[in-house]
Each structure stands twice: as C-alpha cells, then as structure tokens.
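Engineer: Got a file for you: run_30.txt, compact mmCIF, N, CA and C atoms.
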```txt
# COMPACT_ATOMS: atom_id res chain seq x y z
N MET A 547 116.64 94.98 106.28
CA MET A 547 115.59 95.51 105.43
C MET A 547 114.27 94.84 105.82
N PRO A 548 113.18 95.61 105.91
CA PRO A 548 111.89 95.01 106.27
C PRO A 548 111.41 94.03 105.20
N ARG A 549 110.61 93.05 105.63
CA ARG A 549 110.13 92.02 104.71
C ARG A 549 108.70 92.31 104.25
N ALA A 550 108.42 91.97 103.00
CA ALA A 550 107.08 92.13 102.43
C ALA A 550 106.60 90.79 101.89
N LEU A 551 105.35 90.48 102.17
CA LEU A 551 104.72 89.28 101.64
C LEU A 551 103.97 89.67 100.37
N ILE A 552 104.41 89.12 99.23
CA ILE A 552 103.85 89.43 97.92
C ILE A 552 103.01 88.23 97.49
N VAL A 553 101.70 88.46 97.30
CA VAL A 553 100.78 87.36 97.03
C VAL A 553 100.00 87.63 95.76
N ASP A 554 100.24 86.79 94.76
CA ASP A 554 99.50 86.87 93.49
C ASP A 554 99.66 85.54 92.80
N ASP A 555 98.61 85.06 92.14
CA ASP A 555 98.70 83.78 91.44
C ASP A 555 99.53 83.88 90.16
N SER A 556 99.79 85.08 89.69
CA SER A 556 100.61 85.29 88.50
C SER A 556 102.06 85.57 88.90
N ARG A 557 102.96 84.71 88.43
CA ARG A 557 104.38 84.92 88.71
C ARG A 557 104.85 86.24 88.13
N TYR A 558 104.31 86.60 86.96
CA TYR A 558 104.68 87.86 86.32
C TYR A 558 104.24 89.05 87.18
N GLN A 559 103.02 89.02 87.72
CA GLN A 559 102.56 90.10 88.59
C GLN A 559 103.42 90.20 89.85
N ARG A 560 103.81 89.05 90.42
CA ARG A 560 104.69 89.09 91.59
C ARG A 560 106.02 89.76 91.23
N PHE A 561 106.55 89.43 90.05
CA PHE A 561 107.78 90.05 89.58
C PHE A 561 107.61 91.56 89.47
N LEU A 562 106.49 92.02 88.88
CA LEU A 562 106.24 93.46 88.73
C LEU A 562 106.14 94.15 90.09
N ILE A 563 105.49 93.52 91.04
CA ILE A 563 105.36 94.10 92.38
C ILE A 563 106.73 94.23 93.03
N ILE A 564 107.53 93.18 92.93
CA ILE A 564 108.87 93.20 93.52
C ILE A 564 109.72 94.28 92.87
N GLN A 565 109.62 94.41 91.55
CA GLN A 565 110.36 95.46 90.85
C GLN A 565 109.89 96.84 91.29
N ALA A 566 108.59 97.00 91.48
CA ALA A 566 108.05 98.30 91.91
C ALA A 566 108.54 98.68 93.30
N LEU A 567 108.73 97.69 94.15
CA LEU A 567 109.20 97.98 95.50
C LEU A 567 110.66 98.42 95.51
N GLY A 568 111.36 98.15 94.42
CA GLY A 568 112.69 98.68 94.20
C GLY A 568 113.70 98.53 95.32
N GLY A 569 113.72 97.39 95.97
CA GLY A 569 114.70 97.16 97.02
C GLY A 569 114.35 97.79 98.36
N LEU A 570 113.12 98.29 98.51
CA LEU A 570 112.70 98.88 99.79
C LEU A 570 112.34 97.81 100.82
N PHE A 571 111.99 96.62 100.31
CA PHE A 571 111.60 95.50 101.17
C PHE A 571 112.25 94.23 100.65
N THR A 572 112.50 93.28 101.54
CA THR A 572 112.92 91.95 101.13
C THR A 572 111.65 91.15 100.88
N PRO A 573 111.45 90.70 99.63
CA PRO A 573 110.18 90.04 99.31
C PRO A 573 110.17 88.55 99.63
N GLU A 574 109.00 88.07 100.06
CA GLU A 574 108.71 86.63 100.11
C GLU A 574 107.44 86.46 99.30
N GLU A 575 107.39 85.42 98.48
CA GLU A 575 106.29 85.26 97.54
C GLU A 575 105.38 84.10 97.89
N ALA A 576 104.09 84.30 97.61
CA ALA A 576 103.09 83.24 97.72
C ALA A 576 102.22 83.30 96.47
N ALA A 577 101.81 82.13 95.97
CA ALA A 577 101.03 82.05 94.74
C ALA A 577 99.52 81.99 94.99
N ASP A 578 99.11 81.87 96.25
CA ASP A 578 97.68 81.87 96.57
C ASP A 578 97.50 82.24 98.04
N GLY A 579 96.26 82.47 98.41
CA GLY A 579 95.95 82.93 99.76
C GLY A 579 96.30 81.93 100.84
N ARG A 580 96.11 80.65 100.57
CA ARG A 580 96.43 79.62 101.57
C ARG A 580 97.93 79.60 101.86
N GLU A 581 98.73 79.67 100.81
CA GLU A 581 100.19 79.71 100.97
C GLU A 581 100.60 80.98 101.72
N ALA A 582 99.94 82.09 101.44
CA ALA A 582 100.23 83.36 102.13
C ALA A 582 99.97 83.24 103.63
N MET A 583 98.84 82.63 103.98
CA MET A 583 98.51 82.47 105.40
C MET A 583 99.54 81.60 106.10
N ALA A 584 100.00 80.55 105.45
CA ALA A 584 101.01 79.67 106.05
C ALA A 584 102.32 80.43 106.26
N LEU A 585 102.76 81.20 105.27
CA LEU A 585 103.99 81.99 105.41
C LEU A 585 103.85 83.04 106.51
N PHE A 586 102.67 83.67 106.57
CA PHE A 586 102.44 84.70 107.57
C PHE A 586 102.46 84.11 108.98
N GLU A 587 101.79 82.97 109.16
CA GLU A 587 101.79 82.34 110.48
C GLU A 587 103.18 81.89 110.88
N ASP A 588 103.94 81.35 109.95
CA ASP A 588 105.32 80.95 110.24
C ASP A 588 106.15 82.14 110.69
N ALA A 589 105.96 83.29 110.04
CA ALA A 589 106.70 84.50 110.42
C ALA A 589 106.31 84.95 111.83
N LEU A 590 105.01 84.90 112.14
CA LEU A 590 104.56 85.26 113.49
C LEU A 590 105.15 84.30 114.53
N ARG A 591 105.13 83.02 114.22
CA ARG A 591 105.65 82.00 115.13
C ARG A 591 107.13 82.23 115.42
N ARG A 592 107.88 82.66 114.40
CA ARG A 592 109.32 82.92 114.56
C ARG A 592 109.59 84.28 115.20
N GLY A 593 108.56 85.10 115.38
CA GLY A 593 108.76 86.44 115.92
C GLY A 593 109.37 87.40 114.92
N GLU A 594 109.18 87.12 113.63
CA GLU A 594 109.71 87.94 112.55
C GLU A 594 108.58 88.34 111.60
N PRO A 595 107.64 89.15 112.08
CA PRO A 595 106.47 89.48 111.25
C PRO A 595 106.85 90.29 110.01
N PHE A 596 105.98 90.22 109.02
CA PHE A 596 106.15 91.01 107.81
C PHE A 596 105.85 92.47 108.10
N ALA A 597 106.50 93.36 107.37
CA ALA A 597 106.25 94.80 107.49
C ALA A 597 105.18 95.26 106.51
N LEU A 598 104.86 94.42 105.52
CA LEU A 598 103.91 94.80 104.47
C LEU A 598 103.36 93.55 103.82
N ILE A 599 102.08 93.63 103.42
CA ILE A 599 101.45 92.60 102.59
C ILE A 599 100.94 93.31 101.34
N VAL A 600 101.27 92.77 100.17
CA VAL A 600 100.70 93.23 98.90
C VAL A 600 100.03 92.01 98.30
N MET A 601 98.68 92.06 98.19
CA MET A 601 97.94 90.86 97.82
C MET A 601 96.89 91.13 96.75
N ASP A 602 96.88 90.24 95.77
CA ASP A 602 95.84 90.25 94.75
C ASP A 602 94.53 89.77 95.39
N ILE A 603 93.42 90.23 94.86
CA ILE A 603 92.12 89.80 95.39
C ILE A 603 91.66 88.51 94.71
N LEU A 604 91.71 88.47 93.39
CA LEU A 604 91.19 87.31 92.65
C LEU A 604 92.28 86.27 92.46
N MET A 605 92.20 85.20 93.28
CA MET A 605 93.17 84.11 93.20
C MET A 605 92.46 82.79 93.40
N PRO A 606 93.01 81.72 92.83
CA PRO A 606 92.45 80.39 93.09
C PRO A 606 92.81 79.94 94.51
N VAL A 607 92.23 78.88 94.94
CA VAL A 607 92.44 78.24 96.24
C VAL A 607 91.81 79.06 97.37
N LEU A 608 92.27 80.30 97.56
CA LEU A 608 91.73 81.17 98.61
C LEU A 608 91.90 82.61 98.13
N SER A 609 90.81 83.35 98.06
CA SER A 609 90.87 84.72 97.55
C SER A 609 91.67 85.63 98.46
N GLY A 610 92.07 86.77 97.93
CA GLY A 610 92.79 87.74 98.73
C GLY A 610 91.95 88.25 99.89
N HIS A 611 90.65 88.46 99.67
CA HIS A 611 89.77 88.89 100.75
C HIS A 611 89.79 87.88 101.89
N ASP A 612 89.59 86.61 101.55
CA ASP A 612 89.54 85.57 102.58
C ASP A 612 90.89 85.36 103.25
N ALA A 613 91.96 85.43 102.45
CA ALA A 613 93.30 85.24 103.02
C ALA A 613 93.65 86.37 103.98
N LEU A 614 93.34 87.61 103.61
CA LEU A 614 93.67 88.72 104.49
C LEU A 614 92.82 88.67 105.76
N ALA A 615 91.56 88.29 105.63
CA ALA A 615 90.72 88.13 106.83
C ALA A 615 91.32 87.05 107.73
N GLY A 616 91.82 85.97 107.13
CA GLY A 616 92.48 84.91 107.91
C GLY A 616 93.76 85.39 108.57
N ILE A 617 94.51 86.21 107.86
CA ILE A 617 95.74 86.79 108.43
C ILE A 617 95.39 87.67 109.62
N ARG A 618 94.32 88.44 109.52
CA ARG A 618 93.90 89.28 110.65
C ARG A 618 93.51 88.42 111.85
N ARG A 619 92.87 87.26 111.60
CA ARG A 619 92.54 86.35 112.70
C ARG A 619 93.82 85.78 113.32
N LEU A 620 94.81 85.46 112.48
CA LEU A 620 96.10 84.97 113.00
C LEU A 620 96.77 86.02 113.88
N GLU A 621 96.72 87.27 113.44
CA GLU A 621 97.33 88.34 114.25
C GLU A 621 96.65 88.41 115.62
N THR A 622 95.34 88.30 115.65
CA THR A 622 94.61 88.31 116.92
C THR A 622 95.02 87.12 117.77
N GLN A 623 95.07 85.95 117.15
CA GLN A 623 95.46 84.72 117.85
C GLN A 623 96.86 84.82 118.45
N TYR A 624 97.77 85.49 117.76
CA TYR A 624 99.15 85.64 118.24
C TYR A 624 99.35 86.89 119.09
N GLY A 625 98.27 87.58 119.42
CA GLY A 625 98.35 88.72 120.33
C GLY A 625 98.86 90.01 119.72
N VAL A 626 98.77 90.15 118.42
CA VAL A 626 99.18 91.40 117.77
C VAL A 626 98.09 92.44 118.00
N GLU A 627 98.47 93.56 118.58
CA GLU A 627 97.50 94.63 118.84
C GLU A 627 96.99 95.21 117.53
N ALA A 628 95.74 95.67 117.55
CA ALA A 628 95.10 96.20 116.34
C ALA A 628 95.95 97.29 115.68
N GLY A 629 96.56 98.17 116.45
CA GLY A 629 97.37 99.25 115.89
C GLY A 629 98.72 98.81 115.36
N LYS A 630 99.08 97.55 115.58
CA LYS A 630 100.39 97.05 115.13
C LYS A 630 100.26 95.97 114.06
N ARG A 631 99.07 95.86 113.49
CA ARG A 631 98.88 94.86 112.44
C ARG A 631 99.68 95.23 111.20
N THR A 632 100.03 94.23 110.43
CA THR A 632 100.81 94.44 109.21
C THR A 632 99.95 95.17 108.18
N PRO A 633 100.42 96.31 107.69
CA PRO A 633 99.67 97.03 106.66
C PRO A 633 99.52 96.18 105.40
N ALA A 634 98.35 96.27 104.79
CA ALA A 634 98.08 95.49 103.59
C ALA A 634 97.56 96.38 102.47
N VAL A 635 98.12 96.15 101.27
CA VAL A 635 97.66 96.80 100.06
C VAL A 635 97.04 95.72 99.19
N MET A 636 95.77 95.89 98.84
CA MET A 636 95.08 94.93 97.99
C MET A 636 95.16 95.40 96.54
N LEU A 637 95.37 94.46 95.63
CA LEU A 637 95.44 94.74 94.21
C LEU A 637 94.28 94.04 93.51
N SER A 638 93.68 94.72 92.55
CA SER A 638 92.63 94.08 91.79
C SER A 638 92.45 94.76 90.44
N SER A 639 92.06 93.96 89.46
CA SER A 639 91.70 94.52 88.16
C SER A 639 90.26 95.01 88.19
N LEU A 640 89.55 94.74 89.28
CA LEU A 640 88.17 95.19 89.44
C LEU A 640 88.16 96.52 90.19
N ASP A 641 87.86 97.58 89.48
CA ASP A 641 87.83 98.91 90.09
C ASP A 641 86.38 99.28 90.40
N ASP A 642 85.86 98.63 91.45
CA ASP A 642 84.48 98.93 91.81
C ASP A 642 84.39 99.20 93.31
N PRO A 643 83.47 100.06 93.71
CA PRO A 643 83.36 100.45 95.12
C PRO A 643 83.11 99.27 96.06
N ALA A 644 82.35 98.28 95.62
CA ALA A 644 82.05 97.14 96.49
C ALA A 644 83.33 96.38 96.85
N ASN A 645 84.21 96.19 95.87
CA ASN A 645 85.48 95.51 96.13
C ASN A 645 86.34 96.32 97.09
N MET A 646 86.39 97.64 96.90
CA MET A 646 87.19 98.49 97.77
C MET A 646 86.65 98.47 99.20
N LEU A 647 85.33 98.55 99.34
CA LEU A 647 84.74 98.53 100.68
C LEU A 647 84.97 97.18 101.35
N ARG A 648 84.83 96.10 100.60
CA ARG A 648 85.08 94.78 101.18
C ARG A 648 86.54 94.65 101.61
N ALA A 649 87.47 95.15 100.77
CA ALA A 649 88.89 95.09 101.12
C ALA A 649 89.16 95.82 102.43
N GLN A 650 88.52 96.95 102.61
CA GLN A 650 88.75 97.75 103.81
C GLN A 650 88.05 97.18 105.03
N PHE A 651 86.75 96.98 104.95
CA PHE A 651 85.98 96.66 106.14
C PHE A 651 85.94 95.18 106.50
N GLU A 652 85.89 94.30 105.50
CA GLU A 652 85.83 92.88 105.81
C GLU A 652 87.21 92.24 105.90
N SER A 653 88.11 92.65 105.02
CA SER A 653 89.42 92.01 104.96
C SER A 653 90.46 92.70 105.82
N GLY A 654 90.34 93.99 106.04
CA GLY A 654 91.30 94.70 106.87
C GLY A 654 92.47 95.29 106.11
N ALA A 655 92.25 95.67 104.85
CA ALA A 655 93.32 96.31 104.06
C ALA A 655 93.37 97.80 104.37
N GLN A 656 94.54 98.39 104.16
CA GLN A 656 94.71 99.82 104.36
C GLN A 656 94.72 100.60 103.06
N ALA A 657 94.94 99.91 101.93
CA ALA A 657 94.97 100.60 100.63
C ALA A 657 94.55 99.63 99.54
N PHE A 658 94.10 100.20 98.44
CA PHE A 658 93.60 99.44 97.30
C PHE A 658 94.22 100.05 96.05
N VAL A 659 94.87 99.23 95.23
CA VAL A 659 95.49 99.70 93.98
C VAL A 659 94.90 98.89 92.84
N THR A 660 94.48 99.59 91.80
CA THR A 660 93.87 98.94 90.65
C THR A 660 94.94 98.50 89.66
N LYS A 661 94.79 97.27 89.14
CA LYS A 661 95.65 96.77 88.08
C LYS A 661 95.07 97.21 86.74
N PRO A 662 95.88 97.42 85.73
CA PRO A 662 97.34 97.40 85.82
C PRO A 662 97.83 98.61 86.60
N PHE A 663 98.88 98.39 87.35
CA PHE A 663 99.45 99.46 88.16
C PHE A 663 100.83 99.81 87.64
N THR A 664 101.30 100.97 88.00
CA THR A 664 102.68 101.35 87.70
C THR A 664 103.45 101.34 89.02
N PRO A 665 104.77 101.28 88.96
CA PRO A 665 105.54 101.38 90.20
C PRO A 665 105.15 102.63 91.00
N ARG A 666 104.90 103.70 90.30
CA ARG A 666 104.51 104.95 90.95
C ARG A 666 103.22 104.78 91.76
N ASN A 667 102.23 104.06 91.20
CA ASN A 667 100.96 103.82 91.90
C ASN A 667 101.19 103.09 93.22
N LEU A 668 101.98 102.03 93.15
CA LEU A 668 102.22 101.23 94.34
C LEU A 668 103.02 102.00 95.38
N LEU A 669 104.05 102.71 94.94
CA LEU A 669 104.86 103.49 95.87
C LEU A 669 104.06 104.63 96.49
N GLU A 670 103.17 105.21 95.72
CA GLU A 670 102.31 106.26 96.26
C GLU A 670 101.40 105.70 97.36
N ALA A 671 100.89 104.49 97.15
CA ALA A 671 100.06 103.84 98.18
C ALA A 671 100.88 103.62 99.45
N LEU A 672 102.10 103.15 99.30
CA LEU A 672 102.95 102.92 100.47
C LEU A 672 103.29 104.23 101.17
N ALA A 673 103.53 105.28 100.40
CA ALA A 673 103.82 106.59 100.99
C ALA A 673 102.60 107.12 101.73
N SER A 674 101.40 106.90 101.17
CA SER A 674 100.18 107.38 101.84
C SER A 674 99.95 106.67 103.17
N LEU A 675 100.51 105.49 103.32
CA LEU A 675 100.40 104.74 104.57
C LEU A 675 101.55 105.02 105.52
N GLY A 676 102.49 105.85 105.08
CA GLY A 676 103.63 106.18 105.92
C GLY A 676 104.68 105.08 105.99
N LEU A 677 104.64 104.15 105.04
CA LEU A 677 105.59 103.04 105.06
C LEU A 677 106.92 103.40 104.41
N VAL A 678 106.88 104.34 103.50
CA VAL A 678 108.09 104.81 102.82
C VAL A 678 107.94 106.30 102.59
N GLU A 679 109.08 106.96 102.48
CA GLU A 679 109.02 108.35 102.02
C GLU A 679 108.71 108.28 100.55
N ASN A 680 108.01 109.28 100.06
CA ASN A 680 107.67 109.27 98.65
C ASN A 680 108.95 109.47 97.84
N PRO A 681 109.50 108.37 97.29
CA PRO A 681 110.76 108.47 96.55
C PRO A 681 110.59 109.13 95.19
N LEU A 682 109.36 109.42 94.81
CA LEU A 682 109.09 109.99 93.50
C LEU A 682 108.90 111.49 93.55
N GLY A 683 109.07 112.08 94.72
CA GLY A 683 108.86 113.51 94.85
C GLY A 683 107.42 113.80 95.20
N ASP A 684 107.08 115.06 95.23
CA ASP A 684 105.75 115.48 95.62
C ASP A 684 105.02 116.06 94.42
N ASP A 685 104.55 115.20 93.52
CA ASP A 685 103.80 115.64 92.35
C ASP A 685 102.32 115.68 92.70
N THR A 686 101.93 116.71 93.41
CA THR A 686 100.55 116.78 93.88
C THR A 686 99.58 117.14 92.77
N ASP A 687 100.07 117.50 91.59
CA ASP A 687 99.18 117.85 90.49
C ASP A 687 98.61 116.62 89.80
N GLU A 688 99.26 115.48 89.95
CA GLU A 688 98.83 114.27 89.26
C GLU A 688 97.93 113.45 90.16
N GLU A 689 97.01 112.73 89.54
CA GLU A 689 96.15 111.82 90.29
C GLU A 689 96.70 110.40 90.15
N PHE A 690 96.49 109.62 91.21
CA PHE A 690 96.96 108.25 91.23
C PHE A 690 95.77 107.32 91.46
N PRO A 691 95.70 106.19 90.74
CA PRO A 691 94.60 105.25 90.95
C PRO A 691 94.81 104.40 92.20
N CYS A 692 95.18 105.02 93.28
CA CYS A 692 95.40 104.36 94.55
C CYS A 692 94.39 104.91 95.53
N LYS A 693 93.77 104.03 96.27
CA LYS A 693 92.83 104.46 97.29
C LYS A 693 93.34 103.99 98.63
N ALA A 694 93.81 104.89 99.47
CA ALA A 694 94.23 104.53 100.83
C ALA A 694 93.05 104.78 101.74
N PHE A 695 92.82 103.87 102.64
CA PHE A 695 91.67 103.96 103.53
C PHE A 695 92.02 104.68 104.80
```
Represent the supplied structure as structure tokens.

Structural biologist:
Amino acid sequence: MPRALIVDDSRYQRFLIIQALGGLFTPEEAADGREAMALFEDALRRGEPFALIVMDILMPVLSGHDALAGIRRLETQYGVEAGKRTPAVMLSSLDDPANMLRAQFESGAQAFVTKPFTPRNLLEALASLGLVENPLGDDTDEEFPCKAF
C-alpha cells in the first residue's frame, strides 16, 4: 500500500485525515513541519518515497508552507524529477486566495482543502489529482470546497 505523510499539529486532525483516507494509504504522522521534513528526507534516503503529503498550513515550529518548500528542495537535492514529485494537499482553516496562491506557487502544493473538511472533500481532492479513483461515485451536481491546482 502506498505511504502518505500526514502533517498537522493537532493529533485529532491527523486522526481525521487518516480516517478520511480509509485505508487507501499507509499513514506516517508528523506534528510539525520540521518533523515532516526529517521523515521525508529519511524516506528519500531509504529509496522509499511517500506517495502523498497531506499538510496543515498553520503549525508551530515550521509552517506548512515552509515545510513543503523545504521538501521540494529535498526532492531536488535527491534528484527527483519535477514531474515525479510527491503530490501535496495543503489544509487550512483560512479560505483566502492569498493562502491558496502561496500554497501552489511558493510551496508546490497540488491541491488545497479548507478545514473543517469531510472525508468526501479530501477524497475528492485526491481523485482530482488522479491519486485514487473517486470511491464516492460521480456526484457532479455537488460542489466541493477543494481547490486542485
């Protein structure tokens, strides 16, 4: 099963993310951006990269923006081609265009999901990135608070 790096300073939020992924990924957890970067580099060093990153933006120690930018630098350092970088979904309770643009252009995220999220929101983001088949069916009539870049 592919591995996902779940990064949030709230243990409860990490639990919710893992539950939303519903056994589609084997989760590894980090409580802040610095810990996430260390786990990510260790995975690259072992030749076992993550298939997905789900990261909160607002965290102590190192923000999600800064941590993801650091992860992108690590990928470059380890020779990961731009088209093979680990897809990242950023989570935030801040639903503002500036945060979304920063997540995409500065940090290198592929999708942005606003908290509070539902499992459906997160799975829809993953489906929009082609990481999973949409296990919820094709409800094209409903809108989702997910922004895939």

Engineer: List every protein, DNA or RNA residue with an atom no more than 9 Å from (105.5, 91.3, 95.3) in the file's coordinates, counting only C-alpha atoms, and format the result as a list in words.

Structural biologist: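 In the file's frame, the residues around the point are Ala550, Leu551, Ile552, Val553, Asp554, Gln559, Arg560, Phe561, Leu562, Ile563, Ile564, Gln565, Ala566, Leu567, Pro573, Glu574, Glu575, Ala576, Ile599, Val600 and Met601 of chain A.
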
Engineer: Take atom CA of Ala584 of chain A and atom CA of Val659 of chain A and report the distance between them in Å, one decimal.

Structural biologist: 24.0 Å

Engineer: So how far away is atom CA of Thr632 of chain A from atom CA of Met605 of chain A, in Å?

Structural biologist: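 Atom-to-atom, atom CA of Met605 of chain A to atom CA of Thr632 of chain A, that is 20.5 Å.
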
Engineer: From the set A:Val635, A:Leu669, A:Leu585, A:Glu627, which residue has the shortest atom-to-atom contact distance to Asp602 of chain A, counting all atoms listed in the file?

Structural biologist: A:Val635

Engineer: Could you state the separation of atom C of Ala655 of chain A and atom N of Pro633 of chain A in Å, given to one decimal place?

Structural biologist: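 Atom C of Ala655 of chain A sits 7.9 Å away from atom N of Pro633 of chain A.
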
Engineer: Nearest residue to Gly676 of chain A out of A:Ala657, A:Val607, A:Ala613, A:Ala628, using only C-alpha atoms?

Structural biologist: A:Ala657

Engineer: So, with only C-alpha atoms as the atoms that count, which of A:Glu594, A:Glu587, A:Asp555, A:Glu670 lies closest to Arg618 of chain A?

Structural biologist: A:Glu587

Engineer: So which residues of segment 548-694 of chain A fall under strand (DSSP E or B) by DSSP, listed as a list in words?

Structural biologist: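 Output for segment 548-694 of chain A, strand (DSSP E or B) only: Arg549, Ala550, Leu551, Ile552, Val553, Thr572, Pro573, Glu574, Glu575, Ala576, Leu598, Ile599, Val600, Met601, Asp602, Ala634, Val635, Met636, Leu637, Ser638, Ala657, Phe658, Val659, Thr660, Cys692, Lys693 and Ala694 of chain A.
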
Engineer: For a quick check of understanding, using only N, CA and C atoms, which of A:Ala597, A:Arg619, A:Lys661, A:Ala589 has the smallest distance to Ala634 of chain A?

Structural biologist: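 Nearest candidate to Ala634 of chain A out of A:Ala597, A:Arg619, A:Lys661, A:Ala589: A:Ala597.
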
Engineer: Compare A:Glu621, A:Tyr558, A:Ala671, A:Pro665 by their minimum atom-to-atom distance to Leu590 of chain A, counting all atoms listed in the file, and give me the closest one.

Structural biologist: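 Among the listed residues, A:Glu621 lies closest to Leu590 of chain A.
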
Engineer: For each of A:Leu608, A:Gln656, A:Pro548, A:Arg592, take the minimum atom-to-atom distance to Ala577 of chain A, counting only N, CA and C atoms, then give the residue where this is smallest.

Structural biologist: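 Of all the options, A:Leu608 lies closest to Ala577 of chain A.
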